[in-house]
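K.L.:
The structure is given below, and queries will be raised subsequently.
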Amino acid sequence: MEQHDIVVVGSSAGGIPALLAMAKSLPGDYDASIFIVQHLSPDAESILPQMMSRAGPLPASHPSDGEAFEPGHIYIAPPDHHMLVEKDRILVKRGPKENLFRPSVDALFRSAGYMYGPRVVGIVLSGYLNDGSSGLWTVKRMGGVAVVQDPKEALYRDMPAHVLEYVDVDHMVRVSEIGPLLERISQVEALARTEVTPEIMERIQAEVIIAAQGNAYEMGVLKMGEVVPLSCPECHGALVRIDEGPAVRFRCHTGHAFSADALLASITEAVEDTLWQVTNRIEETNILLSQLGGHFAEEGREGLAELYFSRAREAAKKADALHEVVYRYQMSPVEGLPGKRKRT
């Protein structure tokens, strides 16, 4: 009899307090293997395993590539590395980023759903944007159990709220209730693997391989959906649109993957950066023209000095106008999308 003994958890902004509360809620004799992706700085040393080991009864660690996993243990993706599960071992790889992050919640969930099907329990906690929605859709599609933190409790509600919009969730709970819920689920026999079309299985398998190896073009990524007239914000490669249930996402020919919201956020940031660069160049023009005008004024060449001062004033007006454009661009997010952090 198969049990629900593979638990995958994803979180981002506001996720660490939720993870610690979850760890505290776990029973000491819980014998499932727990895998966690928490978005962290790629350059910082992570002490999250030590924090979780102290917070609850189960030991936690960053796994190494190829490590066999055990029940009653928490495995946390190392910074800047995807963590995948395959044949009772853990893969730790630096494949292409998904939703602007490595590690990716979607990549972990997708690998668990593909490999272990109904044995998987997927949990999405606090975070920005919607990393985890596609992965939890896969977990559910493969017969697993979908759990989400109550968005009203989450410090950042975007990730759990997006899941509720796109995935038929089985349980919505507070993080303090996750341990008792997992204990109850572990006592219920896992269902038979859900019938899935060969096309979906082939695509999920290919995406798991891409996360591990990055050979997206060789895996036929351009045949996974419709090629669209957009470029990848990470590498400027060709993008393919993938329809997944009610959601739309994108993957480029080198392997980077984006939800629609993550792609829009990335394009928005690129446009904003370009506007600031143009503003900076115009302000530099104003500075140079003003200095040249001052120089010619000191030389007694008043006509030439006034010409440069006049052009400097024109540049200043253009810079002011661009400042207003950037400000309005920042203050006008698409309705329903999480707001961006404003540039200061």
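Ordering of the structure tokens sets the chain letters (A, B, ...), residue numbers begin anew at 1 in every chain, and ligands are numbered from 1 in the order given.
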Determine, counting only C-alpha atoms, which protein, DNA and RNA residues have an atom within 9 Å of an atom of Gly15 in chain A; residues of the same chain fewer than 2 positions away are not included. Present the result as a list in words.
P.N.:
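Residues near the query, excluding close chain neighbours: Gly10, Ser11, Ser12, Ala13, Pro17, Ala18, Leu19, Leu20, Gln38, His39, Leu125, Ser126, Gly127, Ala154, Leu155 and Tyr156 of chain A.
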K.L.:
What would the file look like if the residues just selected were written as an mmCIF file, in the first residue's frame with all heavy atoms?
P.N.:
```cif
data_model
loop_
_atom_site.group_PDB
_atom_site.id
_atom_site.type_symbol
_atom_site.label_atom_id
_atom_site.label_comp_id
_atom_site.auth_asym_id
_atom_site.auth_seq_id
_atom_site.Cartn_x
_atom_site.Cartn_y
_atom_site.Cartn_z
ATOM 1 N N GLY A 10 7.153 24.871 -1.087
ATOM 2 C CA GLY A 10 7.733 26.021 -1.765
ATOM 3 C C GLY A 10 7.348 27.321 -1.093
ATOM 4 O O GLY A 10 6.193 27.503 -0.694
ATOM 5 N N SER A 11 8.318 28.220 -0.941
ATOM 6 C CA SER A 11 8.052 29.519 -0.323
ATOM 7 C C SER A 11 9.063 30.531 -0.836
ATOM 8 O O SER A 11 10.124 30.185 -1.347
ATOM 9 C CB SER A 11 8.118 29.423 1.203
ATOM 10 O OG SER A 11 9.366 28.909 1.633
ATOM 11 N N SER A 12 8.707 31.812 -0.646
ATOM 12 C CA SER A 12 9.590 32.895 -1.077
ATOM 13 C C SER A 12 9.547 33.982 -0.012
ATOM 14 O O SER A 12 9.791 33.696 1.163
ATOM 15 C CB SER A 12 9.155 33.400 -2.455
ATOM 16 O OG SER A 12 10.060 34.360 -2.945
ATOM 17 N N ALA A 13 9.213 35.204 -0.391
ATOM 18 C CA ALA A 13 9.175 36.304 0.586
ATOM 19 C C ALA A 13 8.207 35.974 1.714
ATOM 20 O O ALA A 13 7.085 35.545 1.477
ATOM 21 C CB ALA A 13 8.735 37.594 -0.110
ATOM 22 N N PRO A 17 9.538 32.531 8.288
ATOM 23 C CA PRO A 17 8.703 32.343 9.483
ATOM 24 C C PRO A 17 7.675 31.229 9.313
ATOM 25 O O PRO A 17 7.404 30.466 10.256
ATOM 26 C CB PRO A 17 8.018 33.706 9.656
ATOM 27 C CG PRO A 17 8.903 34.676 8.956
ATOM 28 C CD PRO A 17 9.481 33.928 7.805
ATOM 29 N N ALA A 18 7.114 31.116 8.106
ATOM 30 C CA ALA A 18 6.141 30.050 7.852
ATOM 31 C C ALA A 18 6.795 28.674 7.925
ATOM 32 O O ALA A 18 6.237 27.728 8.490
ATOM 33 C CB ALA A 18 5.483 30.257 6.486
ATOM 34 N N LEU A 19 8.003 28.557 7.380
ATOM 35 C CA LEU A 19 8.706 27.272 7.422
ATOM 36 C C LEU A 19 9.051 26.871 8.853
ATOM 37 O O LEU A 19 8.936 25.702 9.227
ATOM 38 C CB LEU A 19 9.979 27.347 6.578
ATOM 39 C CG LEU A 19 9.780 27.413 5.060
ATOM 40 C CD1 LEU A 19 11.104 27.703 4.368
ATOM 41 C CD2 LEU A 19 9.172 26.122 4.535
ATOM 42 N N LEU A 20 9.473 27.831 9.657
ATOM 43 C CA LEU A 20 9.818 27.526 11.046
ATOM 44 C C LEU A 20 8.579 27.103 11.829
ATOM 45 O O LEU A 20 8.631 26.167 12.652
ATOM 46 C CB LEU A 20 10.483 28.733 11.696
ATOM 47 C CG LEU A 20 11.825 29.167 11.079
ATOM 48 C CD1 LEU A 20 12.365 30.394 11.794
ATOM 49 C CD2 LEU A 20 12.838 28.029 11.118
ATOM 50 N N GLN A 38 13.126 27.361 -0.730
ATOM 51 C CA GLN A 38 12.907 28.711 -0.214
ATOM 52 C C GLN A 38 13.807 29.637 -1.018
ATOM 53 O O GLN A 38 15.017 29.421 -1.107
ATOM 54 C CB GLN A 38 13.248 28.799 1.273
ATOM 55 C CG GLN A 38 13.468 30.199 1.814
ATOM 56 C CD GLN A 38 12.215 31.070 1.812
ATOM 57 O OE1 GLN A 38 11.130 30.592 2.139
ATOM 58 N NE2 GLN A 38 12.375 32.332 1.451
ATOM 59 N N HIS A 39 13.247 30.644 -1.645
ATOM 60 C CA HIS A 39 14.056 31.585 -2.417
ATOM 61 C C HIS A 39 14.979 32.355 -1.490
ATOM 62 O O HIS A 39 14.527 33.028 -0.560
ATOM 63 C CB HIS A 39 13.161 32.565 -3.172
ATOM 64 C CG HIS A 39 12.335 31.915 -4.241
ATOM 65 N ND1 HIS A 39 11.190 32.474 -4.749
ATOM 66 C CD2 HIS A 39 12.494 30.740 -4.896
ATOM 67 C CE1 HIS A 39 10.677 31.680 -5.669
ATOM 68 N NE2 HIS A 39 11.450 30.622 -5.775
ATOM 69 N N LEU A 125 3.588 28.102 0.284
ATOM 70 C CA LEU A 125 3.501 29.067 1.380
ATOM 71 C C LEU A 125 3.694 30.482 0.851
ATOM 72 O O LEU A 125 3.641 30.722 -0.353
ATOM 73 C CB LEU A 125 4.573 28.726 2.436
ATOM 74 C CG LEU A 125 4.555 27.311 3.004
ATOM 75 C CD1 LEU A 125 5.732 27.104 3.951
ATOM 76 C CD2 LEU A 125 3.240 27.021 3.704
ATOM 77 N N SER A 126 3.946 31.409 1.744
ATOM 78 C CA SER A 126 4.055 32.836 1.447
ATOM 79 C C SER A 126 5.088 33.134 0.362
ATOM 80 O O SER A 126 6.135 32.479 0.274
ATOM 81 C CB SER A 126 4.435 33.570 2.744
ATOM 82 O OG SER A 126 4.748 34.920 2.496
ATOM 83 N N GLY A 127 4.799 34.155 -0.468
ATOM 84 C CA GLY A 127 5.779 34.576 -1.459
ATOM 85 C C GLY A 127 5.201 35.523 -2.490
ATOM 86 O O GLY A 127 3.986 35.639 -2.643
ATOM 87 N N ALA A 154 -0.636 34.551 5.330
ATOM 88 C CA ALA A 154 0.678 34.697 4.704
ATOM 89 C C ALA A 154 1.159 36.142 4.757
ATOM 90 O O ALA A 154 0.393 37.079 4.535
ATOM 91 C CB ALA A 154 0.624 34.223 3.257
ATOM 92 N N LEU A 155 2.451 36.335 5.021
ATOM 93 C CA LEU A 155 3.026 37.681 5.014
ATOM 94 C C LEU A 155 2.950 38.286 3.618
ATOM 95 O O LEU A 155 2.750 39.491 3.456
ATOM 96 C CB LEU A 155 4.475 37.629 5.495
ATOM 97 C CG LEU A 155 4.679 37.330 6.983
ATOM 98 C CD1 LEU A 155 6.165 37.230 7.305
ATOM 99 C CD2 LEU A 155 4.026 38.402 7.842
ATOM 100 N N TYR A 156 3.135 37.456 2.602
ATOM 101 C CA TYR A 156 2.984 37.866 1.207
ATOM 102 C C TYR A 156 2.068 36.844 0.544
ATOM 103 O O TYR A 156 2.442 35.692 0.366
ATOM 104 C CB TYR A 156 4.348 37.945 0.506
ATOM 105 C CG TYR A 156 5.257 38.969 1.143
ATOM 106 C CD1 TYR A 156 6.128 38.610 2.174
ATOM 107 C CD2 TYR A 156 5.221 40.295 0.740
ATOM 108 C CE1 TYR A 156 6.940 39.560 2.776
ATOM 109 C CE2 TYR A 156 6.038 41.249 1.328
ATOM 110 C CZ TYR A 156 6.889 40.873 2.346
ATOM 111 O OH TYR A 156 7.692 41.811 2.939
#
```
K.L.:
Give me the residues near Lys318 in chain A as a list in words, where near means some atom within 10 Å (using only C-alpha atoms) and where sequence neighbours in that chain fewer than 6 positions away do not count.
P.N.:
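After dropping sequence-adjacent residues, the list is Thr279, Ile282, Glu283, Asn286, Ala312 and Glu324 of chain A.
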K.L.:
Taking the backbone alone, and naming residues the way the document does, which bits of range 4-150 of chain A are strand (DSSP E) by DSSP, as a PyMOL selection string?
P.N.:
chain A and resi 6-11+33-38+60-61+73-76+82-86+89-93+120-124+145-149
K.L.:
Could you pull the residues within 10 Å of His171 in chain A, counting only C-alpha atoms, minus those fewer than 2 positions along the same chain, as a list in words?
P.N.:
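Near neighbours after the sequence-gap exclusion: Ile123, Val145, Ala146, Val147, Val148, Gln149, Asp150, Asp168, Val169, Val173, Arg174, Ile178 and Leu181 of chain A.
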K.L.:
Between A:Gln277, A:Ser134, A:Ser46, A:Thr194, which has the minimum distance to Pro118 in chain A (counting only C-alpha atoms)?
P.N.:
A:Thr194
K.L.:
Between A:Val120, A:Ala216, A:Val196, A:Ala305, which has the minimum distance to Gln291 in chain A (counting only C-alpha atoms)?
P.N.:
A:Ala305
K.L.:
So which residues touch Asn215 in chain A within 10 Å, counting only C-alpha atoms, skipping near sequence neighbours fewer than 3 positions away, as a PyMOL selection string?
P.N.:
chain A and resi 95-96+206-207+209-212+218-221+253-255
K.L.:
Can you tell me, as a PDB file with N, CA and C atoms, in the first residue's frame, what residues are no more than 7 Å from Ala60 in chain A when counting only C-alpha atoms, ignoring any on the same chain fewer than 3 positions away?
P.N.:
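Ended up saving to out.pdb:
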```
ATOM      1  N   PRO A  49      18.828  25.306   7.292  1.00  0.00           N
ATOM      2  CA  PRO A  49      18.758  23.957   7.876  1.00  0.00           C
ATOM      3  C   PRO A  49      18.953  23.964   9.393  1.00  0.00           C
ATOM      4  N   GLN A  50      19.907  24.758   9.892  1.00  0.00           N
ATOM      5  CA  GLN A  50      20.116  24.828  11.336  1.00  0.00           C
ATOM      6  C   GLN A  50      18.895  25.426  12.034  1.00  0.00           C
ATOM      7  N   MET A  52      15.755  25.344  11.036  1.00  0.00           N
ATOM      8  CA  MET A  52      14.624  24.412  11.037  1.00  0.00           C
ATOM      9  C   MET A  52      14.880  23.229  11.967  1.00  0.00           C
ATOM     10  N   SER A  53      16.126  22.810  12.065  1.00  0.00           N
ATOM     11  CA  SER A  53      16.451  21.713  12.990  1.00  0.00           C
ATOM     12  C   SER A  53      16.181  22.118  14.427  1.00  0.00           C
ATOM     13  N   HIS A  73      13.273  13.241   7.481  1.00  0.00           N
ATOM     14  CA  HIS A  73      14.349  14.222   7.287  1.00  0.00           C
ATOM     15  C   HIS A  73      13.844  15.334   6.381  1.00  0.00           C
ATOM     16  N   ILE A  74      14.326  16.545   6.640  1.00  0.00           N
ATOM     17  CA  ILE A  74      13.983  17.714   5.832  1.00  0.00           C
ATOM     18  C   ILE A  74      15.182  18.088   4.970  1.00  0.00           C
ATOM     19  N   TYR A  75      14.962  18.202   3.664  1.00  0.00           N
ATOM     20  CA  TYR A  75      16.020  18.569   2.729  1.00  0.00           C
ATOM     21  C   TYR A  75      15.687  19.941   2.134  1.00  0.00           C
TER      22      TYR A  75
END
```
K.L.:
Mind checking which residues fall within 8 Å of Ser33 in chain A, counting only C-alpha atoms, ignoring those fewer than 2 positions away in the same chain, and posting them as a PDB file with N, CA, C and O atoms, in the first residue's frame?
P.N.:
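What follows is the written file part04.pdb:
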```pdb
ATOM      1  N   ASP A   5       4.265   9.813   1.243  1.00  0.00           N
ATOM      2  CA  ASP A   5       5.532   9.906   1.963  1.00  0.00           C
ATOM      3  C   ASP A   5       6.551  10.831   1.308  1.00  0.00           C
ATOM      4  O   ASP A   5       7.721  10.858   1.679  1.00  0.00           O
ATOM      5  N   ILE A   6       6.107  11.601   0.313  1.00  0.00           N
ATOM      6  CA  ILE A   6       6.960  12.591  -0.345  1.00  0.00           C
ATOM      7  C   ILE A   6       6.276  13.943  -0.210  1.00  0.00           C
ATOM      8  O   ILE A   6       5.198  14.166  -0.773  1.00  0.00           O
ATOM      9  N   VAL A   7       6.884  14.857   0.542  1.00  0.00           N
ATOM     10  CA  VAL A   7       6.291  16.172   0.777  1.00  0.00           C
ATOM     11  C   VAL A   7       7.204  17.231   0.170  1.00  0.00           C
ATOM     12  O   VAL A   7       8.401  17.275   0.474  1.00  0.00           O
ATOM     13  N   ASP A  31       7.374  10.065   9.280  1.00  0.00           N
ATOM     14  CA  ASP A  31       8.338   9.267   8.506  1.00  0.00           C
ATOM     15  C   ASP A  31       8.284   9.521   7.007  1.00  0.00           C
ATOM     16  O   ASP A  31       8.687   8.665   6.210  1.00  0.00           O
ATOM     17  N   PHE A  35      10.937  17.998   1.269  1.00  0.00           N
ATOM     18  CA  PHE A  35      11.852  18.747   0.403  1.00  0.00           C
ATOM     19  C   PHE A  35      11.349  20.179   0.302  1.00  0.00           C
ATOM     20  O   PHE A  35      10.176  20.418   0.005  1.00  0.00           O
ATOM     21  N   PHE A  69      17.793   9.961  -0.226  1.00  0.00           N
ATOM     22  CA  PHE A  69      17.015  10.616   0.826  1.00  0.00           C
ATOM     23  C   PHE A  69      16.358   9.586   1.736  1.00  0.00           C
ATOM     24  O   PHE A  69      16.127   8.437   1.361  1.00  0.00           O
ATOM     25  N   GLU A  70      16.086  10.042   2.961  1.00  0.00           N
ATOM     26  CA  GLU A  70      15.566   9.167   4.000  1.00  0.00           C
ATOM     27  C   GLU A  70      14.262   9.725   4.563  1.00  0.00           C
ATOM     28  O   GLU A  70      14.026  10.932   4.516  1.00  0.00           O
ATOM     29  N   PRO A  71      13.417   8.864   5.135  1.00  0.00           N
ATOM     30  CA  PRO A  71      12.208   9.365   5.801  1.00  0.00           C
ATOM     31  C   PRO A  71      12.567  10.093   7.088  1.00  0.00           C
ATOM     32  O   PRO A  71      13.637   9.880   7.673  1.00  0.00           O
ATOM     33  N   GLY A  72      11.680  10.980   7.520  1.00  0.00           N
ATOM     34  CA  GLY A  72      11.908  11.705   8.767  1.00  0.00           C
ATOM     35  C   GLY A  72      13.004  12.733   8.686  1.00  0.00           C
ATOM     36  O   GLY A  72      13.610  13.103   9.702  1.00  0.00           O
ATOM     37  N   HIS A  73      13.273  13.241   7.481  1.00  0.00           N
ATOM     38  CA  HIS A  73      14.349  14.222   7.287  1.00  0.00           C
ATOM     39  C   HIS A  73      13.844  15.334   6.381  1.00  0.00           C
ATOM     40  O   HIS A  73      13.055  15.095   5.463  1.00  0.00           O
ATOM     41  N   ILE A  74      14.326  16.545   6.640  1.00  0.00           N
ATOM     42  CA  ILE A  74      13.983  17.714   5.832  1.00  0.00           C
ATOM     43  C   ILE A  74      15.182  18.088   4.970  1.00  0.00           C
ATOM     44  O   ILE A  74      16.289  18.274   5.476  1.00  0.00           O
ATOM     45  N   TYR A  75      14.962  18.202   3.664  1.00  0.00           N
ATOM     46  CA  TYR A  75      16.020  18.569   2.729  1.00  0.00           C
ATOM     47  C   TYR A  75      15.687  19.941   2.134  1.00  0.00           C
ATOM     48  O   TYR A  75      14.580  20.155   1.634  1.00  0.00           O
TER      49      TYR A  75
END
```
K.L.:
Mind checking DSSP for range 241-281 of chain A and telling me the helix (DSSP H, G or I) residues as a PyMOL selection string?
P.N.:
chain A and resi 260-281
K.L.:
With N, CA, C and O atoms kept, could you save the residues just selected as an mmCIF file, in the first residue's frame?
P.N.:
```cif
data_model
loop_
_atom_site.group_PDB
_atom_site.id
_atom_site.type_symbol
_atom_site.label_atom_id
_atom_site.label_comp_id
_atom_site.auth_asym_id
_atom_site.auth_seq_id
_atom_site.Cartn_x
_atom_site.Cartn_y
_atom_site.Cartn_z
ATOM 1 N N ALA A 260 3.247 33.723 -16.645
ATOM 2 C CA ALA A 260 2.882 34.956 -17.345
ATOM 3 C C ALA A 260 3.209 36.178 -16.491
ATOM 4 O O ALA A 260 3.721 37.189 -16.989
ATOM 5 N N ASP A 261 2.939 36.101 -15.178
ATOM 6 C CA ASP A 261 3.200 37.233 -14.295
ATOM 7 C C ASP A 261 4.695 37.490 -14.148
ATOM 8 O O ASP A 261 5.141 38.637 -14.107
ATOM 9 N N ALA A 262 5.484 36.419 -14.036
ATOM 10 C CA ALA A 262 6.929 36.591 -13.900
ATOM 11 C C ALA A 262 7.521 37.200 -15.173
ATOM 12 O O ALA A 262 8.421 38.042 -15.110
ATOM 13 N N LEU A 263 7.019 36.771 -16.332
ATOM 14 C CA LEU A 263 7.498 37.337 -17.596
ATOM 15 C C LEU A 263 7.141 38.813 -17.684
ATOM 16 O O LEU A 263 7.973 39.653 -18.059
ATOM 17 N N LEU A 264 5.903 39.142 -17.330
ATOM 18 C CA LEU A 264 5.484 40.539 -17.361
ATOM 19 C C LEU A 264 6.305 41.387 -16.388
ATOM 20 O O LEU A 264 6.718 42.505 -16.712
ATOM 21 N N ALA A 265 6.570 40.852 -15.184
ATOM 22 C CA ALA A 265 7.358 41.589 -14.202
ATOM 23 C C ALA A 265 8.771 41.838 -14.718
ATOM 24 O O ALA A 265 9.337 42.920 -14.534
ATOM 25 N N SER A 266 9.338 40.834 -15.397
ATOM 26 C CA SER A 266 10.691 40.974 -15.912
ATOM 27 C C SER A 266 10.753 41.991 -17.050
ATOM 28 O O SER A 266 11.663 42.825 -17.112
ATOM 29 N N ILE A 267 9.769 41.939 -17.955
ATOM 30 C CA ILE A 267 9.724 42.908 -19.050
ATOM 31 C C ILE A 267 9.511 44.310 -18.494
ATOM 32 O O ILE A 267 10.149 45.281 -18.931
ATOM 33 N N THR A 268 8.630 44.438 -17.509
ATOM 34 C CA THR A 268 8.368 45.738 -16.887
ATOM 35 C C THR A 268 9.636 46.316 -16.270
ATOM 36 O O THR A 268 9.942 47.506 -16.421
ATOM 37 N N GLU A 269 10.391 45.471 -15.584
ATOM 38 C CA GLU A 269 11.636 45.938 -14.971
ATOM 39 C C GLU A 269 12.641 46.376 -16.031
ATOM 40 O O GLU A 269 13.341 47.381 -15.862
ATOM 41 N N ALA A 270 12.695 45.612 -17.151
ATOM 42 C CA ALA A 270 13.626 45.977 -18.221
ATOM 43 C C ALA A 270 13.248 47.318 -18.833
ATOM 44 O O ALA A 270 14.122 48.161 -19.122
ATOM 45 N N VAL A 271 11.944 47.551 -19.043
ATOM 46 C CA VAL A 271 11.494 48.837 -19.586
ATOM 47 C C VAL A 271 11.843 49.966 -18.623
ATOM 48 O O VAL A 271 12.344 51.025 -19.020
ATOM 49 N N GLU A 272 11.593 49.749 -17.330
ATOM 50 C CA GLU A 272 11.891 50.764 -16.328
ATOM 51 C C GLU A 272 13.387 51.084 -16.303
ATOM 52 O O GLU A 272 13.781 52.254 -16.240
ATOM 53 N N ASP A 273 14.226 50.036 -16.355
ATOM 54 C CA ASP A 273 15.675 50.258 -16.363
ATOM 55 C C ASP A 273 16.094 51.091 -17.577
ATOM 56 O O ASP A 273 16.949 51.989 -17.480
ATOM 57 N N THR A 274 15.489 50.792 -18.741
ATOM 58 C CA THR A 274 15.815 51.534 -19.956
ATOM 59 C C THR A 274 15.419 52.995 -19.818
ATOM 60 O O THR A 274 16.173 53.904 -20.207
ATOM 61 N N LEU A 275 14.231 53.245 -19.247
ATOM 62 C CA LEU A 275 13.788 54.623 -19.052
ATOM 63 C C LEU A 275 14.740 55.388 -18.137
ATOM 64 O O LEU A 275 15.060 56.558 -18.391
ATOM 65 N N TRP A 276 15.223 54.725 -17.077
ATOM 66 C CA TRP A 276 16.161 55.388 -16.169
ATOM 67 C C TRP A 276 17.499 55.657 -16.864
ATOM 68 O O TRP A 276 18.128 56.692 -16.641
ATOM 69 N N GLN A 277 17.939 54.736 -17.713
ATOM 70 C CA GLN A 277 19.194 54.943 -18.439
ATOM 71 C C GLN A 277 19.080 56.138 -19.381
ATOM 72 O O GLN A 277 20.008 56.961 -19.477
ATOM 73 N N VAL A 278 17.940 56.239 -20.089
ATOM 74 C CA VAL A 278 17.738 57.377 -20.987
ATOM 75 C C VAL A 278 17.692 58.683 -20.189
ATOM 76 O O VAL A 278 18.293 59.694 -20.582
ATOM 77 N N THR A 279 16.988 58.672 -19.058
ATOM 78 C CA THR A 279 16.919 59.853 -18.201
ATOM 79 C C THR A 279 18.312 60.277 -17.751
ATOM 80 O O THR A 279 18.666 61.470 -17.765
ATOM 81 N N ASN A 280 19.122 59.303 -17.361
ATOM 82 C CA ASN A 280 20.483 59.600 -16.914
ATOM 83 C C ASN A 280 21.304 60.246 -18.026
ATOM 84 O O ASN A 280 22.046 61.225 -17.794
ATOM 85 N N ARG A 281 21.189 59.722 -19.264
ATOM 86 C CA ARG A 281 21.966 60.288 -20.382
ATOM 87 C C ARG A 281 21.532 61.727 -20.676
ATOM 88 O O ARG A 281 22.367 62.591 -20.977
#
```
K.L.:
From the list A:Ala77, A:Ser64, A:Val248, A:Glu189, which residue is nearest Pro42 in chain A when using only C-alpha atoms?
P.N.:
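Among A:Ala77, A:Ser64, A:Val248, A:Glu189, it is A:Ala77 that comes nearest to Pro42 in chain A.
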K.L.:
I want to know what sits within 6 Å of Met159 in chain A, based on only C-alpha atoms, with residues of the same chain fewer than 3 positions away left out; could you give that as a list in words?
P.N.:
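The filter keeps Gly127, Tyr128, Leu129, Asn130 and His162 of chain A.
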K.L.:
From the list A:Met51, A:Val326, A:Ala107, A:Val37, which residue is nearest Pro78 in chain A when using only C-alpha atoms?
P.N.:
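For Pro78 in chain A, the nearest of the candidates is A:Val37.
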